[in-house]
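Everything below concerns the one structure shown next.
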Amino acid sequence: MALDEDGTAHTWGDNSERQLNIYTKSKASMSIANSMIEEIVFSPRLIPWTMKVKLQKVSCGKRFTAVISKDGKVFTWGAGESGQLGTGRCTMRDLPLEVTFPNDNAAIQTISCGDGHVLAIDKDNAMYSWGLNQRGQLGLHDFQVRHSPTQVAAGTQFAKVYSAEHCSAAIDCAGQLWTWGSTSHDRLMHYELTKERPVVDAPDMPYVSPSKKELVHGINIPTMVHLPGTQGLKFEQFAFSKTRSAVLVRTKLLDVSPNKGPKRTFSKLLIHGYGLWDSSNIIVKFTSRVFSIYNPPRAVVGKLQDPFTIACKPPKFSEVGSYTVSVSLDGGELFLPETFDITVYKEVSIVQQTPPIVDLRSPYIDKLTLRIHGSRNLLSRLDDEPAGQHAGGGQEGIAIKASLFRINDNGTNSLVQEFPFQGQLVSEGQHPPGSAEDPSRPVTSQSESVTLQAKSMESEFVVECRDIRIPLDDSLGLGLYEMVCSISFNNQDFSGGASGKNHHGESNTSTICHAFQALEARPNCYAISELENVRNHVQARIQAYLKDMADAGFSVPGSNPVGSAMGSDAGSLNGQEVNPLEHIPMDQIYSELRQFDRKIAIKAQSLFPSNKIPKGAHIKARIDAIKVVPVESANDPSPEAISQVSFYQDGIAEYLDPLLVYTDSMDTAHFTMTTAFLKVLDDYLEATVKPPLDRTNQLVTLQWKFYLESAPVVSTANANETAQSSMMLLCEEPLPLLLYPASPLAITPSAMRRYPVPTASDGQEQATTSGGSRTVSVTCSNLVFHPHSALLRIHYPGAKDKEKDAIVLDQKAFRFSENVGKITRAQEPMGDGDVPAEPTTEGEGIPAAAVEEEEEFVKSYNIEVDVPDNDTLVKKWASVLTNADGQVEAIQEVMFSLSLDGTKIPSDVNWAKLAFYSDLSKYALQTAVPKGGFTPGAAIVLQLEVPCPAVPITVRLRGADEQKAVLVAGQLIQAAGANPTIAFALPDAPTIASNPPHMQGKEKLYFADISADQGVTFDLAAQAMIPLK
């Protein structure tokens, strides 16, 4: 059927069900041949009825026809067995019959016929359907035939309808596509509904045959089509064929993303739209908004990335500014009408990143500030963009990418992690007035004018990032890292700092992430007597200068001019009042006393290399607090001992300047307590500690903390203001350095047998000695801490230089042992909120009694060390031991000194003596033996054949069983001109009875073994000489 311009219809084709509306003669008056010709019309023929009723739209179904008149009425004729004519009956109609709608005022605008059903839309965009419904093509939530129009999907406004066979489709007024009916060949485009589903009544979940996995009934309610990537698109037309369907979308560009990018490194531009198709002739053109013959339009080839996106790499632009982007899909013959503006800016650079240092133990950065150097047009674009828009058409935001590098021992950096966060523009920077970057200052040449004009298009601005968390993986550990940020204003093209830049540059372009902690000081102690030495030497130097000044005519009142001058602020010189101390060169004095400077090495974690410290900044060590405690209470945690501890903090910062710390490696550094510092420290202790410091019995702990001191900064508001620097604490945990008092050294044992180290061939030597240990234990009352740098020296009293000629034993030779104390603590009885005690018979809880617990603590330390053998000692001091006859004399004794700090040798009054002796097993019984032998308690005297040091003597009375030997105390008696004797008394009868004697025939005898080292070793008697009665 065809419709001419005045609304008259022409028709041709099959007329078996009178669907052509052609009036024919009855079959009875016609021949068979003529009847066949009338059943099929081979050329268009006017429908006479349409000369009276003008039509606006027509639609043909399978053997039936539906038309819309100019006044919006629907007429149908032809086959009607399925109710498709909408007349309320299932009969064929030769003549057009008007269809009645539920809404009497309905004026139909469009109509579409399937094989046996009809869809129509009225002027109010309501949709109606009637006819065959075996596949749900009527969209009425069931599969029942309708003989008259019924509204479909009430509440939804439809603009266009489409029908084919048993399928239906409609486009609503919002441009969304809806389909329903038969799902054969997936023509409804509901791919998600072709999967196997159970039998349900829901209209959008039809029955699926488990065997064939085909929809049996179809979809019986209009269902919106959701094609991948079509969100937000408007569909223009739809069409069915026998096995396919197609939807038409108008080509339209929506936006571009990003809407800005750097001039030379703009990596990718995406053009979003719909109705796009793949082509090798996609052209993207960039035209500057400011005409210039030096900046002509440039074009690049685009590529269809997906059905809705064209991607291209923008060209390298010669100038910054705004550019218009246009697209052609046919090689440039026709450009689409939609164009978009993008901003091209100069590549930005990060010129400063703050804070320069953060602590990894608190991995949250409250505020990270980046000072950016870039184009002014970028700033204007950022200011003009409203927040929260589509990534392509509005503000893309400021993206920051942080790269975390581990700083290695060899100075290189290795990337370990990257993480993103967002930034916000907070202010635009200003060039300093009159600076080389200031475009307003007077120019001196034409070339400078061009340079300043270029700089006038540039600017500095500040980006802030808030609440940043450094996502440090546990496997990485707390080391030293460098965080380098790069910035992007279009979420793809990043630029900024680079790892490894020297932090001694003009500004910091990265952040050092540390977990600094000073672990140990070497030495960890300092002799407090050295402070007094420093004070005495400084005062001696001052007195020398004052004496020279007095000789030059300077005078002060008083009988002691030097002492008065040191305590006076004024005196007179040649009749003029002057302050004497102003004329004393203290720097020179301290320089002359450099021997008192003490270098303190630090073992630390996460230490800063010198090239990673910001320019002008320094790591400094400062005493934060001073603790004073009696030596005997130093480690005691009892309340009584704690009450004796005194802390001092007030005035330290005013008295003591921080000391500069020098980095040696990734885990070692050092600072030096200079003579000047030690002098001021001594002054502080004298002025502050109350009651006055007891330098012989009190331990002073200096609690050091470490800071990063920034470079001095002058306030921009007042150029005449003094530059100020700030101190940033690097670690809360202090590093202790102890000032210890002098204390006499004690050695146990105090005497040792003189013999070489036993060897396998030295059988006789071994046979005459019990034990043979050459270990001594060294202790003193101030050894209440572990001295990490202690040195033990062995001095020979007869050496010319006792210190230089000493044998030095270091930490490798030491064996530390702890003297453990115990304190009893009482636990508090159970209180409210604790687990209740067992209830009494009355149901009330009984409070638990206090429980006493013992807590151990280290009271002090002992140092055990092996004494060198006699041959080693003799070899060391051979020149001193050789007499005039060339004979090497035996070593009688040596002295031990202990330097806890490894440097300061204590005065010899605090040394300890270790005496040596020869074989004490050779002696004679001096006491006359009574008849029958000695009785219990008898006094016995033995005369030694060799000298013996004045040390405590132990005698071991050994009988038949060595395990039952009895020890008795002996008294050493030294007589002038004779060998020493040892006197002792036999034990009582029961003790002797427990120690069976050695039997020599019928004679009962004891061996008397002698020990001069408090029973550690015994010289074994060669024969039994003590007879018993």
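Labels used: A, B, ... for chains in the order of the structure tokens, numbers from 1 for residues in each chain, and numbers from 1 for ligands as shown.
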Review point. Could you name the residues that touch A:Pro337 at 9 Å or less, counting only C-alpha atoms, but leaving out those on the same chain fewer than 5 positions away, as a ChimeraX atom specification?
Key: /A:252-253,326-327
Point to revise | Near-A:Leu944 list (8 Å; only C-alpha atoms; drop same-chain fewer than 2 positions) as a PyMOL selection string | key: chain A and resi 920+922-924+942+946-947+979-982
Check your understanding: Would you give me, as a list in words, the residues in stretch 451-551 of chain A that DSSP reads as helix (DSSP H, G or I)?
Key -> Thr451, Leu452, Gln453, Ala454, Lys455, Ser456, Ser529, Glu530, Leu531, Glu532, Asn533, Val534, Arg535, Asn536, His537, Val538, Gln539, Ala540, Arg541, Ile542, Gln543, Ala544, Tyr545, Leu546, Lys547, Asp548, Met549, Ala550 and Asp551 of chain A
Exercise for review: To one decimal in Å, tell me the separation between atom CA of A:Phe494 and atom CA of A:Phe419.
Suggested key: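 Between atom CA of A:Phe494 and atom CA of A:Phe419 the gap works out to 13.2 Å.
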Check your understanding: Within 8 Å of A:Pro420, counting only C-alpha atoms, which residues qualify if same-chain residues fewer than 5 places away don't, as a PyMOL selection string?
Key -> chain A and resi 399-402
Check your understanding: To one decimal place, how far is atom CA of A:Arg89 from atom CA of A:Asn21 in Å?
Key ->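 Separation of atom CA of A:Arg89 and atom CA of A:Asn21: 18.7 Å.
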**Study point:** stretch 997-1014 of chain A environment, 9 Å, only C-alpha atoms, sequence neighbours closer than 5 positions dropped, as a ChimeraX atom specification
**Key:** /A:748-753,917,920-921,933,948-961,970,992,1019-1029
Review point. Pick the closest to A:Leu132 from A:Gln84, A:Gln892, A:Gln157, A:Asn103: which is it, counting only C-alpha atoms?
Key: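 Nearest to A:Leu132: A:Gln84.
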**Study point:** For stretch 367-372 of chain A: contacts at 8 Å, only C-alpha atoms, fewer than 2 positions along chain excluded, given as a ChimeraX atom specification
**Key:** /A:348-355,365,374,460-468
Any chance you could export the current selection's C-alpha atoms as a PDB file, in the first residue's frame?
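Listed below is the output, out_24.pdb:
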```pdb
ATOM      1  CA  VAL A 348      54.619  22.408  34.888  1.00  0.00           C
ATOM      2  CA  SER A 349      57.485  21.802  37.266  1.00  0.00           C
ATOM      3  CA  ILE A 350      57.535  21.357  41.017  1.00  0.00           C
ATOM      4  CA  VAL A 351      59.976  23.875  42.438  1.00  0.00           C
ATOM      5  CA  GLN A 352      59.348  23.146  46.117  1.00  0.00           C
ATOM      6  CA  GLN A 353      57.790  20.334  48.111  1.00  0.00           C
ATOM      7  CA  THR A 354      57.009  20.667  51.809  1.00  0.00           C
ATOM      8  CA  PRO A 355      57.317  19.276  54.372  1.00  0.00           C
ATOM      9  CA  ILE A 365      50.915  13.801  56.377  1.00  0.00           C
ATOM     10  CA  GLY A 374      53.517  26.815  35.099  1.00  0.00           C
ATOM     11  CA  GLU A 460      53.891  30.143  40.327  1.00  0.00           C
ATOM     12  CA  PHE A 461      51.040  28.700  42.329  1.00  0.00           C
ATOM     13  CA  VAL A 462      50.513  26.469  45.326  1.00  0.00           C
ATOM     14  CA  VAL A 463      48.758  23.108  45.479  1.00  0.00           C
ATOM     15  CA  GLU A 464      47.803  21.554  48.809  1.00  0.00           C
ATOM     16  CA  CYS A 465      47.092  17.915  49.559  1.00  0.00           C
ATOM     17  CA  ARG A 466      45.438  16.951  52.831  1.00  0.00           C
ATOM     18  CA  ASP A 467      45.452  13.826  55.008  1.00  0.00           C
ATOM     19  CA  ILE A 468      47.877  11.717  53.003  1.00  0.00           C
TER      20      ILE A 468
END
```
**Study point:** Best match for closeness to A:Val680 among A:Ala912, A:Leu656, A:Leu304, A:Val778, counting only C-alpha atoms
**Key:**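 Checking each candidate against A:Val680, we get A:Leu656 as the closest.
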